>>> print(open('my_file.pdb').read())   # PDB, C-alpha atoms and all ligand atoms
ATOM      1  CA  MET A 222      78.798 105.416 117.704
ATOM      2  CA  ASN A 223      77.384 102.751 115.450
ATOM      3  CA  ARG A 224      77.712 104.704 112.253
ATOM      4  CA  PRO A 225      81.481 104.378 111.715
ATOM      5  CA  LEU A 226      81.355 100.675 112.522
ATOM      6  CA  LEU A 227      78.536 100.123 110.086
ATOM      7  CA  SER A 228      80.238 101.973 107.269
ATOM      8  CA  LEU A 229      83.490 100.134 107.919
ATOM      9  CA  ALA A 230      81.632  96.829 107.696
ATOM     10  CA  THR A 231      79.950  97.973 104.505
ATOM     11  CA  LEU A 232      83.260  99.035 103.020
ATOM     12  CA  THR A 233      84.893  95.738 103.878
ATOM     13  CA  LEU A 234      81.974  93.842 102.385
ATOM     14  CA  SER A 235      82.151  95.915  99.195
ATOM     15  CA  ALA A 236      85.879  95.375  99.005
ATOM     16  CA  THR A 237      85.416  91.649  99.396
ATOM     17  CA  ILE A 238      82.861  91.581  96.598
ATOM     18  CA  ALA A 239      85.065  93.721  94.386
ATOM     19  CA  LEU A 240      88.048  91.452  94.937
ATOM     20  CA  PHE A 241      85.971  88.385  94.221
ATOM     21  CA  VAL A 242      84.923  89.909  90.912
ATOM     22  CA  ILE A 243      88.540  90.636  90.023
ATOM     23  CA  SER A 244      89.755  87.161  90.817
ATOM     24  CA  CYS A 245      87.076  85.733  88.532
ATOM     25  CA  GLN A 246      87.607  88.156  85.683
ATOM     26  CA  ASP A 247      91.344  88.570  86.013
ATOM     27  CA  ASN A 248      92.622  91.791  84.519
ATOM     28  CA  ASP A 249      89.735  92.872  82.391
ATOM     29  CA  PRO A 250      88.448  96.317  83.279
ATOM     30  CA  THR A 251      85.483  95.711  85.558
ATOM     31  CA  PRO A 252      82.862  98.040  86.949
ATOM     32  CA  SER A 253      83.981  99.174  90.370
ATOM     33  CA  ASP A 254      82.107  98.662  93.600
ATOM     34  CA  THR A 255      84.374 101.002  95.533
ATOM     35  CA  THR A 256      84.574 104.105  93.370
ATOM     36  CA  ALA A 257      82.229 106.062  91.169
ATOM     37  CA  ASP A 258      84.363 105.192  88.151
ATOM     38  CA  ALA A 259      82.647 103.125  85.488
ATOM     39  CA  VAL A 260      85.941 101.349  84.888
ATOM     40  CA  THR A 261      88.546 100.398  87.469
ATOM     41  CA  VAL A 262      91.464  98.374  86.161
ATOM     42  CA  ALA A 263      93.091  95.836  88.441
ATOM     43  CA  VAL A 264      96.868  95.587  88.781
ATOM     44  CA  ASP A 265      98.292  93.136  86.236
ATOM     45  CA  PRO A 266     101.106  91.203  87.929
ATOM     46  CA  THR A 267     102.262  89.709  84.614
ATOM     47  CA  LEU A 268     103.559  93.118  83.519
ATOM     48  CA  PHE A 269     106.477  92.972  85.962
ATOM     49  CA  ILE A 270     109.772  91.731  84.555
ATOM     50  CA  ALA A 271     110.293  88.269  86.050
ATOM     51  CA  ALA A 272     114.062  88.706  86.320
ATOM     52  CA  GLY A 273     113.507  91.630  88.681
ATOM     53  CA  LEU A 274     111.487  89.575  91.140
ATOM     54  CA  ALA A 275     113.075  87.901  94.151
ATOM     55  CA  GLU A 276     110.108  85.524  94.464
ATOM     56  CA  PRO A 277     106.851  84.939  92.600
ATOM     57  CA  ILE A 278     104.138  87.558  93.154
ATOM     58  CA  THR A 279     101.476  86.349  95.583
ATOM     59  CA  LYS A 280      98.165  87.672  96.900
ATOM     60  CA  VAL A 281      97.819  88.463 100.578
ATOM     61  CA  THR A 282      95.363  90.439 102.673
ATOM     62  CA  ARG A 283      96.876  93.626 104.073
ATOM     63  CA  THR A 284      95.767  96.805 105.772
ATOM     64  CA  LEU A 285      95.838  99.826 103.494
ATOM     65  CA  SER A 286      96.728 103.402 104.445
ATOM     66  CA  ASN A 287      93.078 104.203 105.232
ATOM     67  CA  GLY A 288      92.835 101.353 107.730
ATOM     68  CA  THR A 289      90.749  99.093 105.534
ATOM     69  CA  SER A 290      91.793  95.602 104.673
ATOM     70  CA  ALA A 291      92.198  94.554 101.055
ATOM     71  CA  GLU A 292      93.680  91.857  98.917
ATOM     72  CA  CYS A 293      97.105  93.009  97.787
ATOM     73  CA  TYR A 294      99.828  91.783  95.532
ATOM     74  CA  LYS A 295     103.012  91.093  97.469
ATOM     75  CA  ILE A 296     105.812  92.004  95.092
ATOM     76  CA  VAL A 297     109.350  91.299  96.289
ATOM     77  CA  THR A 298     112.066  92.569  93.986
ATOM     78  CA  ASN A 299     115.837  92.342  93.930
ATOM     79  CA  ASN A 300     115.956  96.027  92.988
ATOM     80  CA  THR A 301     118.204  95.414  90.016
ATOM     81  CA  PRO A 302     116.895  96.739  86.706
ATOM     82  CA  THR A 303     117.327  94.304  83.838
ATOM     83  CA  ASP A 304     116.004  96.713  81.198
ATOM     84  CA  HIS A 305     118.750  99.330  81.451
ATOM     85  CA  THR A 306     122.187  99.820  82.982
ATOM     86  CA  MET A 307     122.754 101.779  86.204
ATOM     87  CA  GLY A 308     125.105 104.762  86.185
ATOM     88  CA  PRO A 309     127.246 106.585  85.444
ATOM     89  CA  TRP A 310     126.488 109.379  87.910
ATOM     90  CA  CYS A 311     129.518 111.634  88.438
ATOM     91  CA  PRO A 312     131.995 112.475  85.684
ATOM     92  CA  THR A 313     135.612 112.209  86.840
ATOM     93  CA  THR A 314     137.216 115.151  85.043
ATOM     94  CA  ILE A 315     135.956 118.516  83.830
ATOM     95  CA  THR A 316     136.655 117.451  80.243
ATOM     96  CA  ASP A 317     134.344 114.406  80.430
ATOM     97  CA  ASP A 318     131.443 114.432  77.990
ATOM     98  CA  ALA A 319     127.816 113.640  78.830
ATOM     99  CA  SER A 320     128.357 109.911  78.364
ATOM    100  CA  LYS A 321     130.535 109.923  81.516
ATOM    101  CA  GLY A 322     127.946 111.480  83.805
ATOM    102  CA  GLY A 323     124.277 111.475  84.681
ATOM    103  CA  ILE A 324     121.627 114.170  84.969
ATOM    104  CA  TRP A 325     120.528 116.830  87.434
ATOM    105  CA  PHE A 326     117.344 118.861  87.696
ATOM    106  CA  GLU A 327     116.987 122.529  88.470
ATOM    107  CA  GLY A 328     114.049 124.851  87.976
ATOM    108  CA  GLY A 329     112.000 122.135  86.316
ATOM    109  CA  LYS A 330     114.676 121.427  83.735
ATOM    110  CA  LEU A 331     116.994 118.492  83.263
ATOM    111  CA  TYR A 332     120.715 119.029  82.713
ATOM    112  CA  ASP A 333     123.464 116.650  81.617
ATOM    113  CA  VAL A 334     126.058 116.385  84.354
ATOM    114  CA  ASP A 335     129.157 116.429  82.167
ATOM    115  CA  GLY A 336     132.540 117.896  83.051
ATOM    116  CA  ALA A 337     131.545 121.326  81.806
ATOM    117  CA  PHE A 338     128.412 121.358  83.994
ATOM    118  CA  ILE A 339     130.550 120.587  87.066
ATOM    119  CA  GLN A 340     133.067 123.248  86.087
ATOM    120  CA  ASN A 341     130.286 125.813  85.676
ATOM    121  CA  LEU A 342     128.429 125.198  88.986
ATOM    122  CA  ALA A 343     129.520 128.454  90.661
ATOM    123  CA  THR A 344     128.026 130.368  87.758
ATOM    124  CA  PHE A 345     125.013 128.068  87.422
ATOM    125  CA  TYR A 346     124.050 128.571  91.067
ATOM    126  CA  ASN A 347     125.513 132.087  91.306
ATOM    127  CA  ASP A 348     127.547 131.025  94.348
ATOM    128  CA  ALA A 349     131.347 131.205  94.310
ATOM    129  CA  PHE A 350     131.693 128.517  97.003
ATOM    130  CA  TRP A 351     130.889 125.829  94.425
ATOM    131  CA  LYS A 352     134.047 124.033  93.239
ATOM    132  CA  LEU A 353     133.753 120.281  92.835
ATOM    133  CA  TYR A 354     137.046 119.906  90.991
ATOM    134  CA  ASN A 355     140.751 120.102  91.715
ATOM    135  CA  ALA A 356     143.372 122.294  90.022
ATOM    136  CA  ASP A 357     144.248 119.418  87.670
ATOM    137  CA  GLY A 358     140.649 119.138  86.476
ATOM    138  CA  THR A 359     139.790 115.959  88.342
ATOM    139  CA  ILE A 360     136.385 115.993  89.989
ATOM    140  CA  LYS A 361     135.960 115.195  93.683
ATOM    141  CA  VAL A 362     133.760 112.098  93.734
ATOM    142  CA  THR A 363     132.876 109.876  96.687
ATOM    143  CA  THR A 364     134.539 106.540  95.994
ATOM    144  CA  THR A 365     133.762 104.437  99.072
ATOM    145  CA  LYS A 366     130.613 103.388 100.918
ATOM    146  CA  ALA A 367     131.705 105.374 103.990
ATOM    147  CA  ALA A 368     132.261 108.481 101.878
ATOM    148  CA  CYS A 369     128.914 108.243 100.115
ATOM    149  CA  GLU A 370     127.121 107.747 103.442
ATOM    150  CA  ALA A 371     128.899 110.728 105.021
ATOM    151  CA  ALA A 372     128.124 112.869 101.978
ATOM    152  CA  ALA A 373     124.532 111.745 101.484
ATOM    153  CA  ARG A 374     123.279 111.939 105.066
ATOM    154  CA  PRO A 375     120.935 114.838 105.946
ATOM    155  CA  ASN A 376     123.677 116.710 107.857
ATOM    156  CA  VAL A 377     126.443 116.308 105.330
ATOM    157  CA  ASP A 378     129.909 115.732 106.791
ATOM    158  CA  PRO A 379     131.687 119.070 106.118
ATOM    159  CA  ALA A 380     134.633 117.092 104.743
ATOM    160  CA  TYR A 381     132.390 116.260 101.795
ATOM    161  CA  ASN A 382     131.229 119.756 100.965
ATOM    162  CA  ASN A 383     131.968 120.342  97.299
ATOM    163  CA  TYR A 384     131.755 116.700  96.292
ATOM    164  CA  CYS A 385     129.929 114.929  93.560
ATOM    165  CA  VAL A 386     128.165 112.200  95.509
ATOM    166  CA  GLU A 387     127.614 108.748  94.139
ATOM    167  CA  CYS A 388     126.916 105.483  95.896
ATOM    168  CA  GLN A 389     127.356 102.190  94.056
ATOM    169  CA  PRO A 390     124.623  99.538  93.902
ATOM    170  CA  SER A 391     127.197  97.088  95.282
ATOM    171  CA  TYR A 392     127.132  98.970  98.612
ATOM    172  CA  SER A 393     123.687  97.507  99.229
ATOM    173  CA  ALA A 394     124.164  94.127  97.563
ATOM    174  CA  GLY A 395     121.420  91.645  98.373
ATOM    175  CA  ILE A 396     118.858  94.391  98.947
ATOM    176  CA  LYS A 397     115.237  93.373  98.532
ATOM    177  CA  LYS A 398     112.198  95.630  98.270
ATOM    178  CA  THR A 399     108.751  94.435  99.259
ATOM    179  CA  TYR A 400     105.676  96.207  97.936
ATOM    180  CA  TYR A 401     102.103  95.478  98.935
ATOM    181  CA  ILE A 402      99.822  97.025  96.322
ATOM    182  CA  PRO A 403      96.032  96.689  96.364
ATOM    183  CA  VAL A 404      94.899  94.348  93.599
ATOM    184  CA  LYS A 405      92.150  96.797  92.794
ATOM    185  CA  PRO A 406      92.525 100.500  93.633
ATOM    186  CA  VAL A 407      90.291 101.841  96.407
ATOM    187  CA  LYS A 408      89.450 105.513  96.022
ATOM    188  CA  LEU A 409      89.953 107.629  99.142
ATOM    189  CA  SER A 410      87.342 110.178 100.170
ATOM    190  CA  SER A 411      90.063 112.819  99.731
ATOM    191  CA  PRO A 412      93.513 112.436  98.177
ATOM    192  CA  ALA A 413      96.574 111.668 100.314
ATOM    193  CA  SER A 414      99.868 113.471 100.032
ATOM    194  CA  ILE A 415     103.056 111.817  98.848
ATOM    195  CA  GLY A 416     105.065 110.621 101.850
ATOM    196  CA  GLY A 417     108.529 111.761 102.842
ATOM    197  CA  MET A 418     111.590 109.753 103.808
ATOM    198  CA  GLY A 419     111.022 106.003 103.633
ATOM    199  CA  ALA A 420     107.771 106.279 101.690
ATOM    200  CA  VAL A 421     107.657 105.491  98.012
ATOM    201  CA  VAL A 422     105.448 106.635  95.170
ATOM    202  CA  GLY A 423     105.256 103.438  93.188
ATOM    203  CA  ILE A 424     107.039 100.669  91.337
ATOM    204  CA  ALA A 425     108.467 100.392  87.845
ATOM    205  CA  PHE A 426     107.977  97.146  85.945
ATOM    206  CA  ASN A 427     111.626  96.280  86.617
ATOM    207  CA  GLY A 428     111.034  96.287  90.400
ATOM    208  CA  VAL A 429     112.780  99.588  91.189
ATOM    209  CA  ASN A 430     110.782 102.175  93.117
ATOM    210  CA  PHE A 431     109.682 105.650  92.125
ATOM    211  CA  ASP A 432     110.783 107.775  95.073
ATOM    212  CA  PRO A 433     109.368 110.993  96.531
ATOM    213  CA  PRO A 434     111.231 114.161  95.472
ATOM    214  CA  ALA A 435     114.968 114.196  96.175
ATOM    215  CA  PRO A 436     115.860 116.616  99.022
ATOM    216  CA  THR A 437     117.644 118.952  96.651
ATOM    217  CA  SER A 438     117.856 121.898  99.048
ATOM    218  CA  ALA A 439     119.759 119.768 101.603
ATOM    219  CA  ILE A 440     121.985 118.388  98.851
ATOM    220  CA  LEU A 441     122.723 121.769  97.314
ATOM    221  CA  GLY A 442     122.956 123.462 100.714
ATOM    222  CA  ALA A 443     126.032 121.357 101.408
ATOM    223  CA  HIS A 444     127.427 122.198  97.972
ATOM    224  CA  THR A 445     127.097 118.618  96.884
ATOM    225  CA  LEU A 446     125.518 117.193  93.796
ATOM    226  CA  ALA A 447     123.942 113.724  93.781
ATOM    227  CA  PRO A 448     123.263 113.159  90.085
ATOM    228  CA  MET A 449     120.795 110.641  88.763
ATOM    229  CA  ASP A 450     121.907 108.394  85.913
ATOM    230  CA  ASP A 451     120.308 108.745  82.505
ATOM    231  CA  ALA A 452     117.459 106.488  83.659
ATOM    232  CA  GLY A 453     116.652 108.940  86.467
ATOM    233  CA  GLY A 454     118.002 106.770  89.283
ATOM    234  CA  HIS A 455     120.715 106.906  91.894
ATOM    235  CA  VAL A 456     121.691 104.963  94.982
ATOM    236  CA  ASN A 457     121.670 105.579  98.689
ATOM    237  CA  THR A 458     122.777 102.880 101.073
ATOM    238  CA  ALA A 459     119.454 102.769 102.952
ATOM    239  CA  ALA A 460     117.208 102.426  99.905
ATOM    240  CA  GLY A 461     119.535 101.196  97.178
ATOM    241  CA  TYR A 462     118.835 102.256  93.618
ATOM    242  CA  HIS A 463     115.680 104.351  93.176
ATOM    243  CA  TYR A 464     114.165 106.749  90.654
ATOM    244  CA  HIS A 465     113.531 110.483  90.901
ATOM    245  CA  ALA A 466     112.717 111.009  87.222
ATOM    246  CA  ALA A 467     111.056 109.033  84.455
ATOM    247  CA  THR A 468     113.290 109.404  81.410
ATOM    248  CA  GLY A 469     111.857 106.561  79.339
ATOM    249  CA  LYS A 470     114.600 103.985  79.953
ATOM    250  CA  SER A 471     112.657 101.420  81.984
ATOM    251  CA  LYS A 472     110.112  98.993  80.528
ATOM    252  CA  LYS A 473     107.056 100.716  79.158
ATOM    253  CA  ILE A 474     103.866  99.437  77.645
ATOM    254  CA  ALA A 475     102.685 101.215  74.528
ATOM    255  CA  GLN A 476      98.942 101.883  74.304
ATOM    256  CA  ALA A 477      97.028 100.926  71.169
ATOM    257  CA  ASP A 478      95.188 104.254  71.043
ATOM    258  CA  GLY A 479      98.262 106.502  71.074
ATOM    259  CA  HIS A 480      97.888 107.357  74.760
ATOM    260  CA  ALA A 481     101.135 107.795  76.708
ATOM    261  CA  ALA A 482     102.897 104.508  77.556
ATOM    262  CA  MET A 483     102.500 102.847  80.941
ATOM    263  CA  ILE A 484     105.611 102.701  83.156
ATOM    264  CA  GLY A 485     104.405 101.096  86.398
ATOM    265  CA  TYR A 486     101.994 101.309  89.290
ATOM    266  CA  ALA A 487     101.560 103.785  92.112
ATOM    267  CA  MET A 488     101.328 102.396  95.653
ATOM    268  CA  ASP A 489      97.538 102.733  95.481
ATOM    269  CA  GLY A 490      97.364 100.394  92.490
ATOM    270  CA  TYR A 491      96.492 103.017  89.890
ATOM    271  CA  GLY A 492      98.631 102.873  86.751
ATOM    272  CA  MET A 493     101.470 105.313  86.124
ATOM    273  CA  TYR A 494     101.976 106.549  82.573
ATOM    274  CA  GLU A 495     104.507 108.727  80.826
ATOM    275  CA  LEU A 496     103.738 112.404  80.367
ATOM    276  CA  LEU A 497     103.451 112.579  76.605
ATOM    277  CA  ASP A 498     101.242 110.687  74.167
ATOM    278  CA  THR A 499     102.583 109.381  70.862
ATOM    279  CA  SER A 500     102.084 112.783  69.231
ATOM    280  CA  GLY A 501     104.036 114.524  71.981
ATOM    281  CA  LYS A 502     101.049 116.067  73.765
ATOM    282  CA  GLU A 503     100.550 116.363  77.511
ATOM    283  CA  PRO A 504      97.110 115.555  78.916
ATOM    284  CA  ALA A 505      95.227 118.795  79.555
ATOM    285  CA  ASP A 506      92.770 117.611  82.198
ATOM    286  CA  LEU A 507      94.939 116.252  85.025
ATOM    287  CA  ASP A 508      93.644 116.680  88.563
ATOM    288  CA  ALA A 509      95.709 117.836  91.540
ATOM    289  CA  ASN A 510      97.212 114.337  91.908
ATOM    290  CA  ARG A 511      98.326 114.368  88.246
ATOM    291  CA  GLY A 512      95.656 111.829  87.363
ATOM    292  CA  HIS A 513      92.626 111.586  85.129
ATOM    293  CA  TYR A 514      90.138 109.006  83.936
ATOM    294  CA  ASP A 515      89.410 107.312  80.655
ATOM    295  CA  ALA A 516      87.280 104.318  79.814
ATOM    296  CA  THR A 517      90.219 102.186  78.687
ATOM    297  CA  ARG A 518      92.595 102.656  81.622
ATOM    298  CA  GLY A 519      90.212 103.829  84.328
ATOM    299  CA  TYR A 520      91.735 106.415  86.642
ATOM    300  CA  HIS A 521      95.519 106.680  86.150
ATOM    301  CA  TYR A 522      98.414 109.056  86.648
ATOM    302  CA  HIS A 523     100.697 110.842  84.232
ATOM    303  CA  VAL A 524     104.117 111.508  85.707
ATOM    304  CA  ALA A 525     105.567 114.994  85.687
ATOM    305  CA  ALA A 526     108.311 116.047  83.288
ATOM    306  CA  PRO A 527     111.674 114.437  84.198
ATOM    307  CA  GLY A 528     113.086 117.766  85.390
ATOM    308  CA  ALA A 529     110.311 118.256  87.933
ATOM    309  CA  ASN A 530     111.844 116.141  90.741
ATOM    310  CA  ARG A 531     108.520 114.430  91.262
ATOM    311  CA  PHE A 532     106.316 111.822  89.667
ATOM    312  CA  ILE A 533     102.807 112.484  90.929
ATOM    313  CA  THR A 534     101.456 115.013  93.395
ATOM    314  CA  GLY A 535      99.035 112.965  95.495
ATOM    315  CA  PHE A 536      97.465 109.544  95.876
ATOM    316  CA  ARG A 537      93.852 109.208  94.859
ATOM    317  CA  GLY A 538      93.613 105.758  96.386
ATOM    318  CA  ALA A 539      94.444 103.993  99.617
ATOM    319  CA  GLN A 540      98.064 102.922  99.477
ATOM    320  CA  GLY A 541      99.597  99.594 100.273
ATOM    321  CA  SER A 542     102.920  99.430 102.045
ATOM    322  CA  PHE A 543     106.613  99.154 101.314
ATOM    323  CA  SER A 544     109.725  97.958 103.066
ATOM    324  CA  VAL A 545     113.412  97.479 102.313
ATOM    325  CA  SER A 546     115.546  94.628 103.599
ATOM    326  CA  LEU A 547     119.320  94.656 103.321
TER
HETATM  327 ZN    ZN B   1     117.404 109.781  95.891
HETATM  328 ZN    ZN B   2      95.829 109.380  80.472
END
>>> encode(input="my_file.pdb", output="structure tokens", more="lines below")
Ligand SMILES: [Zn+2]
Ligand SMILES: [Zn+2]
Amino acid sequence: MNRPLLSLATLTLSATIALFVISCQDNDPTPSDTTADAVTVAVDPTLFIAAGLAEPITKVTRTLSNGTSAECYKIVTNNTPTDHTMGPWCPTTITDDASKGGIWFEGGKLYDVDGAFIQNLATFYNDAFWKLYNADGTIKVTTTKAACEAAARPNVDPAYNNYCVECQPSYSAGIKKTYYIPVKPVKLSSPASIGGMGAVVGIAFNGVNFDPPAPTSAILGAHTLAPMDDAGGHVNTAAGYHYHAATGKSKKIAQADGHAAMIGYAMDGYGMYELLDTSGKEPADLDANRGHYDATRGYHYHVAAPGANRFITGFRGAQGSFSVSL
């Protein structure tokens, strides 16, 4: 009976010491008291784009996903990227070129959603029911908040079968996202899976979240398409704009040693990096979470290819929490 209590107390004490060390040494890599890693890098709040923040980043004590308490950064964003534009998502006619539409993933690959892609869907999916366009070549696109909600809900309104679904950021104007991310990552005894609806994977430096995989089978099952824009993001009215793919459009931080650039933080505080290094190579030693360790960055993740409909595969560390307010 005493054992769990003792180890919890020990953990909390270690965490307190670790956090004290961080606050004294700021963002320098410091030896970790909570993992076996020689180097654990603390979250650097100065990397976030100030214009994306709804209020200054503060430190608060929060309970992490493993039940322990830790100092976290409270990051409240206005969910509006300032480093790239949002949209377009759906082209409006079957003659539109790629500049008029976004992207879609299938089988691990990324496709431009241009007019020709829409016109070719029945062939692409080998299913004659697909027809998102009218006889005059115009594409059926949701154009109101009510339409996008009816078309994007899990049980798609049959009236919106064969629609290209897009919601506008203006439908959730004033949205704020609050992230609590541990200042210093805390390794779990075994990795945690990526959450489903309502959970997020991490945060880009512009304040927009990296989302779990899009429910493509539900989307396609209703013969709808919900393209991402060229930055890998789209909108739903519950979560606003969010990413399903890292396409290199949001702020990234180049690494002096040619390592892949950093694009944000996962909810456990470990850094998220692009897939490819400056010579175009993928890391060869990723673990089941899509992470690995080096002495410069400590443990960190490399996101999957943009066509994969996922960023990382598991959390190595205890996650903070996330909420949306509209
Ligand atoms: Zn989505
Ligand atoms: Zn790496």
>>> resolve_selection(input="my_file.pdb", expression="the PyMOL selection byres (((not hetatm)) within 10 of (chain B and resi 1))", output="list in words")
Ala373, Met418, Phe431, Asp432, Pro433, Pro434, Ala435, Pro436, Thr437, Ala447, Pro448, Met449, Gly453, Gly454, His455, Val456, Asn457, Ala460, Gly461, Tyr462, His463, Tyr464, His465, Ala466 and Asn530 of chain A
>>> closest_atom_pairs(input="my_file.pdb", of="chain A", to="ligand ZN 2 (chain B)", cutoff="10 Å", atoms="all atoms listed in the file", output="CSV")
residue,atom,partner,partner_atom,distance
A:His480,CA,B:ZN2,ZN,6.4
A:Ala481,CA,B:ZN2,ZN,6.7
A:Ala482,CA,B:ZN2,ZN,9.1
A:Met483,CA,B:ZN2,ZN,9.3
A:Gly492,CA,B:ZN2,ZN,9.5
A:Met493,CA,B:ZN2,ZN,9.0
A:Tyr494,CA,B:ZN2,ZN,7.1
A:Glu495,CA,B:ZN2,ZN,8.7
A:Leu496,CA,B:ZN2,ZN,8.5
A:Leu497,CA,B:ZN2,ZN,9.1
A:Asp498,CA,B:ZN2,ZN,8.4
A:Glu503,CA,B:ZN2,ZN,8.9
A:Pro504,CA,B:ZN2,ZN,6.5
A:Ala505,CA,B:ZN2,ZN,9.5
A:Asp506,CA,B:ZN2,ZN,8.9
A:Leu507,CA,B:ZN2,ZN,8.3
A:Arg511,CA,B:ZN2,ZN,9.6
A:Gly512,CA,B:ZN2,ZN,7.3
A:His513,CA,B:ZN2,ZN,6.1
A:Tyr514,CA,B:ZN2,ZN,6.7
A:Asp515,CA,B:ZN2,ZN,6.7
A:Ala516,CA,B:ZN2,ZN,10.0
A:Thr517,CA,B:ZN2,ZN,9.3
A:Arg518,CA,B:ZN2,ZN,7.5
A:Gly519,CA,B:ZN2,ZN,8.8
A:Tyr520,CA,B:ZN2,ZN,8.0
A:His521,CA,B:ZN2,ZN,6.3
A:Tyr522,CA,B:ZN2,ZN,6.7
A:His523,CA,B:ZN2,ZN,6.3
>>> residues_around(input="my_file.pdb", residues="stretch 333-344 of chain A", least_positions_apart="5", cutoff="12 Å", atoms="only C-alpha atoms", output="number ranges by chain")
A: 308-327, 349-362, 383-385, 441, 444-453, 528
>>> closest_residue(input="my_file.pdb", among="A:Gly328, A:Gly395, A:Gly442, A:Pro412", to="A:Asn376", atoms="all atoms listed in the file")
A:Gly442
>>> resolve_selection(input="my_file.pdb", expression="the PyMOL selection byres (((chain A and resi 298) around 9) and not hetatm)", output="count of residues only")
18
>>> atom_distance(input="my_file.pdb", atom1="atom CA of A:Thr261", atom2="atom CA of A:Thr468")
27.0 Å
>>> atom_distance(input="my_file.pdb", atom1="atom CA of A:Phe536", atom2="atom CA of A:Ala263")
16.2 Å
>>> closest_atom_pairs(input="my_file.pdb", of="stretch 259-359 of chain A", to="stretch 405-408 of chain A", cutoff="10 Å", atoms="all atoms listed in the file", output="CSV")
residue,atom,partner,partner_atom,distance
A:Thr261,CA,A:Pro406,CA,7.3
A:Val262,CA,A:Lys405,CA,6.9
A:Ala263,CA,A:Lys405,CA,4.6
A:Val264,CA,A:Lys405,CA,6.3
A:Asp265,CA,A:Lys405,CA,9.7
A:Leu285,CA,A:Val407,CA,9.2
A:Asn287,CA,A:Val407,CA,9.6
A:Thr289,CA,A:Val407,CA,9.5
A:Ala291,CA,A:Lys405,CA,8.6
A:Glu292,CA,A:Lys405,CA,8.0
A:Cys293,CA,A:Lys405,CA,8.0
A:Tyr294,CA,A:Lys405,CA,9.6
>>> closest_residue(input="my_file.pdb", among="A:Ala459, A:Leu409, A:Ala467, A:Val524", to="A:Arg537", atoms="only C-alpha atoms")
A:Leu409
>>> closest_residue(input="my_file.pdb", among="A:Arg283, A:Lys366, A:Arg374, A:Lys502", to="A:Cys388", atoms="only C-alpha atoms")
A:Lys366
>>> atom_distance(input="my_file.pdb", atom1="atom CA of A:Glu370", atom2="atom CA of A:Asn347")
27.2 Å
>>> closest_residue(input="my_file.pdb", among="A:Ala368, A:Ile402, A:Ile474, A:Ala259", to="A:Thr284", atoms="all atoms listed in the file")
A:Ile402
>>> closest_residue(input="my_file.pdb", among="A:Ala509, A:Ile440, A:Met307, A:Leu331", to="A:Pro390", atoms="only C-alpha atoms")
A:Met307
>>> axis_aligned_box(input="my_file.pdb", around="stretch 433-452 of chain A", padding_each_side="5 Å", output="lines of an AutoDock Vina configuration file")
center_x = 118.4
center_y = 115.0
center_z = 92.1
size_x = 28.1
size_y = 27.0
size_z = 29.1
>>> resolve_selection(input="my_file.pdb", expression="the PyMOL selection byres (((chain A and resi 533) around 7) and not hetatm)", output="list in words")
Asn510, Arg511, Val524, Ala525, Arg531, Phe532, Thr534 and Gly535 of chain A
>>> closest_residue(input="my_file.pdb", among="A:Gly423, A:Gly288, A:Gly469, A:Pro375", to="A:Asp304", atoms="all atoms listed in the file")
A:Gly469
>>> decode(input="my_file.pdb", residues="stretch 320-327 of chain A", atoms="N, CA, C and O atoms", output="mmCIF file, in the first residue's frame")
data_model
loop_
_atom_site.group_PDB
_atom_site.id
_atom_site.type_symbol
_atom_site.label_atom_id
_atom_site.label_comp_id
_atom_site.auth_asym_id
_atom_site.auth_seq_id
_atom_site.Cartn_x
_atom_site.Cartn_y
_atom_site.Cartn_z
ATOM 1 N N SER A 320 -4.156 26.021 -58.004
ATOM 2 C CA SER A 320 -4.119 27.218 -57.150
ATOM 3 C C SER A 320 -5.482 27.518 -56.544
ATOM 4 O O SER A 320 -5.588 28.291 -55.597
ATOM 5 N N LYS A 321 -6.552 26.897 -57.085
ATOM 6 C CA LYS A 321 -7.912 27.183 -56.613
ATOM 7 C C LYS A 321 -8.396 26.166 -55.579
ATOM 8 O O LYS A 321 -9.514 26.287 -55.073
ATOM 9 N N GLY A 322 -7.572 25.160 -55.314
ATOM 10 C CA GLY A 322 -7.986 24.135 -54.362
ATOM 11 C C GLY A 322 -6.869 23.769 -53.414
ATOM 12 O O GLY A 322 -5.763 24.322 -53.479
ATOM 13 N N GLY A 323 -7.164 22.842 -52.524
ATOM 14 C CA GLY A 323 -6.190 22.416 -51.525
ATOM 15 C C GLY A 323 -5.574 21.077 -51.867
ATOM 16 O O GLY A 323 -5.200 20.825 -53.013
ATOM 17 N N ILE A 324 -5.466 20.223 -50.851
ATOM 18 C CA ILE A 324 -4.810 18.924 -51.004
ATOM 19 C C ILE A 324 -5.647 17.842 -50.322
ATOM 20 O O ILE A 324 -6.479 18.123 -49.456
ATOM 21 N N TRP A 325 -5.421 16.606 -50.738
ATOM 22 C CA TRP A 325 -6.079 15.464 -50.119
ATOM 23 C C TRP A 325 -5.086 14.316 -50.061
ATOM 24 O O TRP A 325 -4.206 14.221 -50.913
ATOM 25 N N PHE A 326 -5.207 13.477 -49.034
ATOM 26 C CA PHE A 326 -4.281 12.343 -48.953
ATOM 27 C C PHE A 326 -5.006 11.034 -49.173
ATOM 28 O O PHE A 326 -6.159 10.852 -48.792
ATOM 29 N N GLU A 327 -4.327 10.136 -49.825
ATOM 30 C CA GLU A 327 -4.853 8.788 -50.051
ATOM 31 C C GLU A 327 -3.671 7.844 -50.211
ATOM 32 O O GLU A 327 -2.732 8.142 -50.955
#
